[in-house]
file my_file_9.pdb (PDB, C-alpha atoms)
ATOM      1  CA  MET A   1     -39.761  -7.960  -8.629
ATOM      2  CA  LYS A   2     -41.069  -4.513  -9.622
ATOM      3  CA  SER A   3     -38.416  -2.219  -8.127
ATOM      4  CA  LYS A   4     -36.482  -0.097 -10.586
ATOM      5  CA  LYS A   5     -33.536   1.572  -8.857
ATOM      6  CA  VAL A   6     -30.133  -0.172  -8.825
ATOM      7  CA  LEU A   7     -26.882   1.083  -7.299
ATOM      8  CA  VAL A   8     -23.790  -0.434  -8.934
ATOM      9  CA  THR A   9     -20.456   0.193  -7.198
ATOM     10  CA  GLY A  10     -17.300  -0.288  -9.217
ATOM     11  CA  ALA A  11     -19.399   0.810 -12.178
ATOM     12  CA  ALA A  12     -16.425   1.762 -14.352
ATOM     13  CA  GLY A  13     -14.606  -1.507 -13.739
ATOM     14  CA  TYR A  14     -14.091  -4.358 -16.173
ATOM     15  CA  ILE A  15     -17.316  -6.097 -15.074
ATOM     16  CA  GLY A  16     -19.152  -3.010 -13.826
ATOM     17  CA  ARG A  17     -19.541  -1.273 -17.196
ATOM     18  CA  HIS A  18     -21.308  -4.332 -18.598
ATOM     19  CA  VAL A  19     -23.532  -4.760 -15.536
ATOM     20  CA  VAL A  20     -24.609  -1.109 -15.718
ATOM     21  CA  LYS A  21     -25.498  -1.492 -19.393
ATOM     22  CA  GLU A  22     -27.397  -4.740 -18.773
ATOM     23  CA  PHE A  23     -29.571  -3.210 -16.053
ATOM     24  CA  LEU A  24     -30.270  -0.158 -18.214
ATOM     25  CA  ASN A  25     -31.308  -2.394 -21.102
ATOM     26  CA  MET A  26     -33.644  -4.213 -18.701
ATOM     27  CA  GLY A  27     -35.384  -0.912 -17.906
ATOM     28  CA  TYR A  28     -33.885  -0.168 -14.482
ATOM     29  CA  HIS A  29     -32.737   3.229 -13.264
ATOM     30  CA  VAL A  30     -29.024   2.773 -12.545
ATOM     31  CA  ILE A  31     -26.998   4.823 -10.087
ATOM     32  CA  ALA A  32     -23.338   4.303 -11.006
ATOM     33  CA  SER A  33     -20.695   4.683  -8.299
ATOM     34  CA  ASP A  34     -16.951   4.854  -8.984
ATOM     35  CA  LEU A  35     -13.955   7.185  -8.857
ATOM     36  CA  ALA A  36     -14.285   8.032 -12.583
ATOM     37  CA  TYR A  37     -16.806   7.183 -15.290
ATOM     38  CA  LYS A  38     -14.878   6.611 -18.501
ATOM     39  CA  GLY A  39     -16.710   4.008 -20.577
ATOM     40  CA  VAL A  40     -19.809   3.935 -18.336
ATOM     41  CA  ASP A  41     -23.123   4.103 -20.188
ATOM     42  CA  GLU A  42     -24.279   7.721 -20.216
ATOM     43  CA  ARG A  43     -27.868   6.667 -19.508
ATOM     44  CA  ALA A  44     -26.820   5.939 -15.924
ATOM     45  CA  GLU A  45     -26.907   8.491 -13.106
ATOM     46  CA  TYR A  46     -23.325   9.138 -12.021
ATOM     47  CA  SER A  47     -22.879   9.498  -8.268
ATOM     48  CA  HIS A  48     -19.928  11.174  -6.545
ATOM     49  CA  ILE A  49     -20.814   9.981  -3.051
ATOM     50  CA  SER A  50     -17.922   8.092  -1.441
ATOM     51  CA  ILE A  51     -18.773   4.541  -0.441
ATOM     52  CA  TRP A  52     -15.893   4.729   2.076
ATOM     53  CA  SER A  53     -17.283   7.757   3.957
ATOM     54  CA  GLY A  54     -18.452   5.656   6.889
ATOM     55  CA  ASP A  55     -21.694   7.638   6.997
ATOM     56  CA  LYS A  56     -24.500   5.775   8.718
ATOM     57  CA  ASP A  57     -27.064   7.335   6.387
ATOM     58  CA  ILE A  58     -25.269   6.237   3.196
ATOM     59  CA  TYR A  59     -28.395   4.377   2.028
ATOM     60  CA  GLU A  60     -30.363   7.618   2.144
ATOM     61  CA  GLN A  61     -27.553   9.488   0.397
ATOM     62  CA  PHE A  62     -27.723   7.005  -2.485
ATOM     63  CA  GLU A  63     -31.478   7.642  -2.861
ATOM     64  CA  ARG A  64     -32.629   4.404  -1.220
ATOM     65  CA  PRO A  65     -31.889   1.963  -4.058
ATOM     66  CA  ASP A  66     -33.925  -1.231  -4.263
ATOM     67  CA  ILE A  67     -30.880  -3.236  -5.305
ATOM     68  CA  LEU A  68     -27.205  -2.821  -4.466
ATOM     69  CA  VAL A  69     -24.704  -4.620  -6.685
ATOM     70  CA  HIS A  70     -21.312  -4.259  -4.996
ATOM     71  CA  LEU A  71     -18.536  -4.816  -7.533
ATOM     72  CA  ALA A  72     -16.017  -2.274  -6.218
ATOM     73  CA  TRP A  73     -12.673  -3.911  -5.410
ATOM     74  CA  ARG A  74      -9.086  -2.741  -5.766
ATOM     75  CA  ASP A  75      -6.365  -4.895  -7.362
ATOM     76  CA  GLY A  76      -8.611  -7.819  -8.216
ATOM     77  CA  PHE A  77      -6.008  -9.236 -10.599
ATOM     78  CA  ILE A  78      -3.110  -8.773  -8.134
ATOM     79  CA  HIS A  79      -3.832 -11.660  -5.811
ATOM     80  CA  ASN A  80      -1.405 -10.769  -3.025
ATOM     81  CA  SER A  81      -1.828  -6.996  -3.077
ATOM     82  CA  GLU A  82      -1.840  -5.319   0.344
ATOM     83  CA  ALA A  83      -5.032  -3.505  -0.696
ATOM     84  CA  HIS A  84      -7.227  -6.568  -0.156
ATOM     85  CA  MET A  85      -6.867  -6.676   3.618
ATOM     86  CA  LYS A  86      -6.472  -2.902   3.994
ATOM     87  CA  ASP A  87      -9.828  -2.320   2.292
ATOM     88  CA  LEU A  88     -11.714  -5.160   3.963
ATOM     89  CA  SER A  89     -13.057  -3.169   6.915
ATOM     90  CA  ASN A  90     -14.240  -0.426   4.527
ATOM     91  CA  HIS A  91     -16.244  -2.950   2.517
ATOM     92  CA  VAL A  92     -17.771  -4.367   5.707
ATOM     93  CA  GLU A  93     -18.686  -0.925   7.082
ATOM     94  CA  PHE A  94     -20.262   0.287   3.827
ATOM     95  CA  LEU A  95     -22.322  -2.850   3.309
ATOM     96  CA  GLN A  96     -23.466  -3.007   6.942
ATOM     97  CA  ASN A  97     -24.604   0.615   6.757
ATOM     98  CA  MET A  98     -26.511  -0.122   3.542
ATOM     99  CA  ILE A  99     -28.167  -3.135   5.191
ATOM    100  CA  ASP A 100     -29.049  -1.127   8.301
ATOM    101  CA  GLY A 101     -30.469   1.594   6.065
ATOM    102  CA  GLY A 102     -32.885  -0.904   4.579
ATOM    103  CA  VAL A 103     -31.566  -2.079   1.198
ATOM    104  CA  PRO A 104     -33.767  -5.096   0.399
ATOM    105  CA  TYR A 105     -31.585  -6.766  -2.246
ATOM    106  CA  LEU A 106     -27.815  -6.995  -1.826
ATOM    107  CA  THR A 107     -25.493  -8.602  -4.372
ATOM    108  CA  VAL A 108     -21.759  -8.849  -3.726
ATOM    109  CA  MET A 109     -19.195 -10.184  -6.179
ATOM    110  CA  GLY A 110     -17.188 -13.087  -4.850
ATOM    111  CA  SER A 111     -14.518 -15.283  -6.410
ATOM    112  CA  MET A 112     -13.600 -18.921  -6.885
ATOM    113  CA  HIS A 113     -10.324 -17.958  -5.179
ATOM    114  CA  GLU A 114     -12.227 -18.052  -1.865
ATOM    115  CA  VAL A 115     -12.139 -21.826  -2.219
ATOM    116  CA  GLY A 116      -8.401 -22.158  -2.741
ATOM    117  CA  TYR A 117      -7.001 -25.395  -4.126
ATOM    118  CA  TRP A 118      -9.808 -27.622  -5.352
ATOM    119  CA  GLU A 119     -10.169 -30.280  -8.018
ATOM    120  CA  GLY A 120     -13.562 -30.675  -9.674
ATOM    121  CA  ALA A 121     -16.806 -28.743  -9.588
ATOM    122  CA  ILE A 122     -17.310 -25.955  -7.040
ATOM    123  CA  ASP A 123     -20.828 -25.592  -5.646
ATOM    124  CA  GLU A 124     -22.354 -23.562  -2.833
ATOM    125  CA  ASN A 125     -21.263 -26.154  -0.237
ATOM    126  CA  THR A 126     -17.615 -26.493  -1.282
ATOM    127  CA  PRO A 127     -15.345 -25.771   1.725
ATOM    128  CA  CYS A 128     -13.146 -22.678   1.536
ATOM    129  CA  ASN A 129      -9.415 -22.579   2.240
ATOM    130  CA  PRO A 130      -8.147 -19.526   0.307
ATOM    131  CA  LEU A 131      -4.462 -19.443  -0.637
ATOM    132  CA  SER A 132      -4.070 -15.803  -1.677
ATOM    133  CA  MET A 133      -4.769 -12.514   0.079
ATOM    134  CA  TYR A 134      -7.454 -11.798  -2.507
ATOM    135  CA  GLY A 135      -9.194 -15.065  -1.672
ATOM    136  CA  VAL A 136      -8.779 -14.537   2.071
ATOM    137  CA  ALA A 137     -10.342 -11.058   1.922
ATOM    138  CA  LYS A 138     -13.251 -12.120  -0.273
ATOM    139  CA  ASN A 139     -13.976 -15.116   1.936
ATOM    140  CA  ALA A 140     -13.805 -13.002   5.093
ATOM    141  CA  LEU A 141     -16.249 -10.480   3.606
ATOM    142  CA  ARG A 142     -18.657 -13.269   2.682
ATOM    143  CA  GLN A 143     -18.529 -14.774   6.163
ATOM    144  CA  ALA A 144     -19.027 -11.368   7.796
ATOM    145  CA  LEU A 145     -22.060 -10.616   5.634
ATOM    146  CA  VAL A 146     -23.677 -13.998   6.217
ATOM    147  CA  LEU A 147     -23.427 -13.450   9.974
ATOM    148  CA  TYR A 148     -24.613  -9.843   9.788
ATOM    149  CA  CYS A 149     -27.601 -10.594   7.577
ATOM    150  CA  LYS A 150     -29.070 -13.216   9.912
ATOM    151  CA  GLY A 151     -32.468 -12.065  11.061
ATOM    152  CA  LYS A 152     -32.410  -9.013   8.809
ATOM    153  CA  ALA A 153     -34.838  -8.275   5.979
ATOM    154  CA  VAL A 154     -32.290  -8.406   3.172
ATOM    155  CA  ASN A 155     -31.805 -10.854   0.307
ATOM    156  CA  LEU A 156     -28.067 -11.563   0.143
ATOM    157  CA  HIS A 157     -26.648 -12.866  -3.131
ATOM    158  CA  TRP A 158     -22.975 -13.820  -3.020
ATOM    159  CA  LEU A 159     -22.034 -14.281  -6.679
ATOM    160  CA  ARG A 160     -18.938 -16.412  -7.059
ATOM    161  CA  GLY A 161     -17.060 -15.580 -10.268
ATOM    162  CA  PHE A 162     -14.608 -17.730 -12.193
ATOM    163  CA  TYR A 163     -12.503 -16.837 -15.278
ATOM    164  CA  ILE A 164     -13.674 -13.949 -17.438
ATOM    165  CA  TYR A 165     -12.799 -12.816 -20.944
ATOM    166  CA  GLY A 166     -14.128 -10.306 -23.496
ATOM    167  CA  ASP A 167     -13.703  -6.516 -23.768
ATOM    168  CA  ASP A 168     -10.070  -7.221 -22.967
ATOM    169  CA  VAL A 169      -8.658  -3.807 -23.801
ATOM    170  CA  TYR A 170      -9.957  -2.719 -20.378
ATOM    171  CA  GLY A 171      -9.073  -5.769 -18.306
ATOM    172  CA  SER A 172      -5.978  -7.183 -16.622
ATOM    173  CA  SER A 173      -6.420 -10.881 -17.377
ATOM    174  CA  ILE A 174      -4.220 -13.045 -19.583
ATOM    175  CA  PHE A 175      -6.476 -12.100 -22.501
ATOM    176  CA  SER A 176      -5.825  -8.418 -21.830
ATOM    177  CA  LYS A 177      -2.100  -9.127 -21.769
ATOM    178  CA  ILE A 178      -2.427 -10.856 -25.150
ATOM    179  CA  VAL A 179      -4.157  -7.780 -26.597
ATOM    180  CA  GLN A 180      -1.396  -5.573 -25.186
ATOM    181  CA  ALA A 181       1.313  -7.834 -26.647
ATOM    182  CA  VAL A 182      -0.278  -7.613 -30.094
ATOM    183  CA  GLN A 183      -0.601  -3.829 -29.825
ATOM    184  CA  ASP A 184       3.093  -3.687 -28.876
ATOM    185  CA  GLY A 185       3.982  -5.614 -32.042
ATOM    186  CA  LYS A 186       5.218  -8.733 -30.268
ATOM    187  CA  LYS A 187       5.197 -12.078 -32.087
ATOM    188  CA  GLU A 188       5.650 -14.384 -29.077
ATOM    189  CA  PHE A 189       3.752 -14.526 -25.809
ATOM    190  CA  PRO A 190       5.309 -16.119 -22.677
ATOM    191  CA  PHE A 191       2.958 -18.760 -21.341
ATOM    192  CA  THR A 192       2.626 -21.637 -18.901
ATOM    193  CA  MET A 193       2.119 -25.166 -20.232
ATOM    194  CA  GLY A 194      -1.582 -24.297 -20.337
ATOM    195  CA  LYS A 195      -2.826 -27.714 -19.226
ATOM    196  CA  ASN A 196      -4.993 -26.518 -16.338
ATOM    197  CA  LYS A 197      -8.720 -26.588 -17.067
ATOM    198  CA  TYR A 198     -10.953 -23.735 -15.945
ATOM    199  CA  ASP A 199     -14.456 -22.310 -16.238
ATOM    200  CA  PHE A 200     -14.447 -19.395 -18.718
ATOM    201  CA  ILE A 201     -17.324 -16.983 -19.297
ATOM    202  CA  HIS A 202     -17.645 -13.951 -21.569
ATOM    203  CA  VAL A 203     -18.086 -10.724 -19.627
ATOM    204  CA  SER A 204     -21.348  -9.864 -21.410
ATOM    205  CA  GLU A 205     -22.885 -13.210 -20.413
ATOM    206  CA  LEU A 206     -21.546 -12.730 -16.887
ATOM    207  CA  ALA A 207     -23.304  -9.348 -16.733
ATOM    208  CA  LYS A 208     -26.595 -10.985 -17.712
ATOM    209  CA  GLN A 209     -26.170 -13.557 -14.947
ATOM    210  CA  ILE A 210     -25.263 -10.913 -12.350
ATOM    211  CA  ALA A 211     -28.269  -8.755 -13.229
ATOM    212  CA  ARG A 212     -30.779 -11.582 -13.122
ATOM    213  CA  ALA A 213     -29.395 -13.120  -9.944
ATOM    214  CA  SER A 214     -29.643  -9.691  -8.281
ATOM    215  CA  ILE A 215     -33.348  -9.042  -8.909
ATOM    216  CA  GLN A 216     -34.746 -12.236  -7.397
ATOM    217  CA  SER A 217     -35.320 -13.591  -3.877
ATOM    218  CA  LYS A 218     -35.910 -17.274  -4.599
ATOM    219  CA  TYR A 219     -32.211 -18.157  -4.553
ATOM    220  CA  ASN A 220     -30.074 -16.456  -1.895
ATOM    221  CA  GLY A 221     -26.592 -17.120  -0.567
ATOM    222  CA  ILE A 222     -23.776 -18.385  -2.790
ATOM    223  CA  ILE A 223     -24.589 -18.471  -6.498
ATOM    224  CA  ASN A 224     -21.934 -19.468  -9.020
ATOM    225  CA  VAL A 225     -21.914 -17.130 -12.023
ATOM    226  CA  CYS A 226     -20.164 -19.247 -14.618
ATOM    227  CA  SER A 227     -20.453 -21.407 -17.723
ATOM    228  CA  GLY A 228     -20.462 -24.717 -15.871
ATOM    229  CA  GLU A 229     -17.934 -26.092 -18.364
ATOM    230  CA  LYS A 230     -14.213 -26.756 -18.154
ATOM    231  CA  ILE A 231     -11.703 -26.051 -20.928
ATOM    232  CA  SER A 232      -7.916 -26.050 -20.845
ATOM    233  CA  LEU A 233      -6.187 -22.682 -20.611
ATOM    234  CA  SER A 234      -4.187 -23.550 -23.710
ATOM    235  CA  GLU A 235      -7.307 -24.328 -25.728
ATOM    236  CA  GLN A 236      -9.110 -21.174 -24.599
ATOM    237  CA  VAL A 237      -6.132 -18.909 -25.282
ATOM    238  CA  THR A 238      -5.448 -20.514 -28.672
ATOM    239  CA  LYS A 239      -9.114 -20.060 -29.614
ATOM    240  CA  TYR A 240      -8.950 -16.443 -28.485
ATOM    241  CA  ILE A 241      -5.873 -15.757 -30.619
ATOM    242  CA  ASN A 242      -7.392 -17.474 -33.659
ATOM    243  CA  ASP A 243     -10.788 -15.775 -33.266
ATOM    244  CA  HIS A 244      -9.060 -12.384 -33.353
ATOM    245  CA  ASN A 245      -6.636 -13.363 -36.157
ATOM    246  CA  TYR A 246      -3.648 -12.377 -34.037
ATOM    247  CA  ASP A 247      -0.181 -13.177 -35.372
ATOM    248  CA  LEU A 248       1.079 -14.377 -32.013
ATOM    249  CA  LYS A 249       2.841 -17.583 -31.001
ATOM    250  CA  LEU A 250       2.580 -19.013 -27.497
ATOM    251  CA  ASN A 251       5.916 -19.682 -25.790
ATOM    252  CA  TYR A 252       4.912 -22.702 -23.696
ATOM    253  CA  GLY A 253       6.685 -23.247 -20.385
ATOM    254  CA  ALA A 254       8.062 -19.712 -20.073
ATOM    255  CA  PHE A 255       6.177 -19.335 -16.781
ATOM    256  CA  PRO A 256       5.491 -21.975 -14.111
ATOM    257  CA  ASP A 257       1.936 -22.699 -13.013
ATOM    258  CA  ARG A 258       0.944 -20.983  -9.783
ATOM    259  CA  PRO A 259       1.094 -23.474  -6.885
ATOM    260  CA  TYR A 260      -2.461 -22.648  -5.775
ATOM    261  CA  ASP A 261      -4.027 -23.194  -9.209
ATOM    262  CA  SER A 262      -6.014 -26.421  -9.536
ATOM    263  CA  PRO A 263      -5.473 -28.848 -12.440
ATOM    264  CA  GLU A 264      -9.231 -28.866 -13.130
ATOM    265  CA  VAL A 265     -11.812 -26.631 -11.507
ATOM    266  CA  TRP A 266     -15.149 -25.281 -12.694
ATOM    267  CA  GLY A 267     -18.407 -23.952 -11.334
ATOM    268  CA  ASP A 268     -21.588 -25.909 -10.743
ATOM    269  CA  ASN A 269     -24.055 -23.753 -12.672
ATOM    270  CA  THR A 270     -27.266 -25.467 -11.490
ATOM    271  CA  ILE A 271     -28.661 -22.458  -9.592
ATOM    272  CA  ILE A 272     -27.702 -19.753 -12.107
ATOM    273  CA  SER A 273     -29.154 -21.857 -14.940
ATOM    274  CA  GLN A 274     -32.465 -22.008 -13.083
ATOM    275  CA  ILE A 275     -32.365 -18.251 -12.496
ATOM    276  CA  MET A 276     -31.628 -17.532 -16.149
ATOM    277  CA  ARG A 277     -34.614 -19.670 -17.200
ATOM    278  CA  GLU A 278     -36.978 -18.087 -14.689
ATOM    279  CA  TYR A 279     -35.895 -14.434 -15.022
ATOM    280  CA  LYS A 280     -35.400 -13.845 -18.744
TER     281      LYS A 280
END
call {"tool": "encode", "arguments": {"input": "my_file_9.pdb", "output": "structure tokens"}}
result
Amino acid sequence: MKSKKVLVTGAAGYIGRHVVKEFLNMGYHVIASDLAYKGVDERAEYSHISIWSGDKDIYEQFERPDILVHLAWRDGFIHNSEAHMKDLSNHVEFLQNMIDGGVPYLTVMGSMHEVGYWEGAIDENTPCNPLSMYGVAKNALRQALVLYCKGKAVNLHWLRGFYIYGDDVYGSSIFSKIVQAVQDGKKEFPFTMGKNKYDFIHVSELAKQIARASIQSKYNGIINVCSGEKISLSEQVTKYINDHNYDLKLNYGAFPDRPYDSPEVWGDNTIISQIMREYK
């Protein structure tokens, strides 16, 4: 694909900053969209157009980008926040207007939480039964877009994310909480038993996968962006603490496991592995 203009919403977010940088390093012109731009690569064009305006000509306002990567989402780490359902119609309206305007490549960030409780590998055919408001909203957006895109000249990539770490000063994950605990001078960190096994991916590798999945038309629909491997939460957190030489002890059993968290769940990375080989 030869097009060069990419619009990234949520550009200043935990994932967005890395996606912006990845596209810039690949030679694309990046239009960054967010409420503020702290930490966003200065090579990008910062836009102050509101994605929630409801304007029918929003695609024209954003300079007719060849690719839209929609990462904007409030309270992604607060799974039962009221914002998820309140914002849903705004996401639908913005993306439908971009599709109607003529955007040829549309990537939207999804989540493994669309699936709900599941044991084993998640692939593009795994049934969805979300158990949090975050999962419900993401799944509803995916279903709405699949229906809306039928018969339209748009390549829809629904990128299903799993567990992310790296650059944790800016995040809200357990790894970010560990960094904050160390900065606060704490010596113990309250933890679950840590036996659940998940699919972890570094945010820089995730950005590479998002960028390459977004520029192609061979693989559309659901694409897992993940490592394809499972590792226990305890092992991953312990490795993280050791890799950073933190003087922090895990207080196992201080928190119960969430009832909707699976004992073992990971992403089938067959499609993204093929993309990464074909679009280096």
call {"tool": "closest_atom_pairs", "arguments": {"input": "my_file_9.pdb", "of": "stretch 27-82 of chain A", "to": "stretch 141-154 of chain A", "cutoff": "12 Å", "atoms": "all atoms listed in the file", "output": "CSV"}}
result
residue,atom,partner,partner_atom,distance
A:Asp66,CA,A:Val154,CA,10.5
A:Ile67,CA,A:Val154,CA,10.0
A:Leu68,CA,A:Val154,CA,10.7
A:His70,CA,A:Leu141,CA,11.8
A:Trp73,CA,A:Leu141,CA,11.7
call {"tool": "residues_around", "arguments": {"input": "my_file_9.pdb", "residues": "A:Asn155", "least_positions_apart": "3", "cutoff": "8 Å", "atoms": "only C-alpha atoms", "output": "list in words"}}
result
Pro104, Tyr105, Leu106, Ser217 and Asn220 of chain A
call {"tool": "write_last_selection", "arguments": {"input": "my_file_9.pdb", "atoms": "C-alpha atoms", "output": "JSON list (two decimals), keeping the file's coordinate frame"}}
result
[["chain", "number", "residue", "atom", "x", "y", "z"],
["A", 104, "PRO", "CA", -33.77, -5.10, 0.40],
["A", 105, "TYR", "CA", -31.58, -6.77, -2.25],
["A", 106, "LEU", "CA", -27.82, -7.00, -1.83],
["A", 217, "SER", "CA", -35.32, -13.59, -3.88],
["A", 220, "ASN", "CA", -30.07, -16.46, -1.90]]
call {"tool": "residues_around", "arguments": {"input": "my_file_9.pdb", "residues": "stretch 87-102 of chain A", "least_positions_apart": "3", "cutoff": "6 Å", "atoms": "all atoms listed in the file", "output": "MDAnalysis selection string"}}
result
chainID A and resid 52 56 59 83:84
call {"tool": "atom_distance", "arguments": {"input": "my_file_9.pdb", "atom1": "atom CA of A:Met276", "atom2": "atom CA of A:Ala207"}}
result
11.7 Å
call {"tool": "residues_around", "arguments": {"input": "my_file_9.pdb", "residues": "A:Met112", "least_positions_apart": "2", "cutoff": "7 Å", "atoms": "only C-alpha atoms", "output": "PyMOL selection string"}}
result
chain A and resi 114-115+160-162
call {"tool": "closest_residue", "arguments": {"input": "my_file_9.pdb", "among": "A:Leu71, A:Val40, A:Ala181, A:Met133", "to": "A:Met85", "atoms": "all atoms listed in the file"}}
result
A:Met133
call {"tool": "resolve_selection", "arguments": {"input": "my_file_9.pdb", "expression": "the PyMOL selection byres ((chain A and resi 62) around 9)", "output": "PyMOL selection string"}}
result
chain A and resi 7+31+47+49+57-61+63-65
call {"tool": "resolve_selection", "arguments": {"input": "my_file_9.pdb", "expression": "the PyMOL selection byres ((chain A and resi 192) around 8)", "output": "compact mmCIF listing (two decimals) with C-alpha atoms, in the coordinates of the input"}}
result
# COMPACT_ATOMS: atom_id res chain seq x y z
CA PRO A 190 5.31 -16.12 -22.68
CA PHE A 191 2.96 -18.76 -21.34
CA MET A 193 2.12 -25.17 -20.23
CA GLY A 194 -1.58 -24.30 -20.34
CA ASN A 251 5.92 -19.68 -25.79
CA TYR A 252 4.91 -22.70 -23.70
CA GLY A 253 6.68 -23.25 -20.39
CA ALA A 254 8.06 -19.71 -20.07
CA PHE A 255 6.18 -19.34 -16.78
CA PRO A 256 5.49 -21.98 -14.11
CA ASP A 257 1.94 -22.70 -13.01
call {"tool": "atom_distance", "arguments": {"input": "my_file_9.pdb", "atom1": "atom CA of A:Ser262", "atom2": "atom CA of A:Gly76"}}
result
18.8 Å
call {"tool": "closest_residue", "arguments": {"input": "my_file_9.pdb", "among": "A:Ala32, A:Asp55, A:Tyr134, A:Tyr163", "to": "A:Lys86", "atoms": "only C-alpha atoms"}}
result
A:Tyr134
call {"tool": "closest_residue", "arguments": {"input": "my_file_9.pdb", "among": "A:Lys195, A:His18, A:His29, A:His244", "to": "A:Val6", "atoms": "all atoms listed in the file"}}
result
A:His29
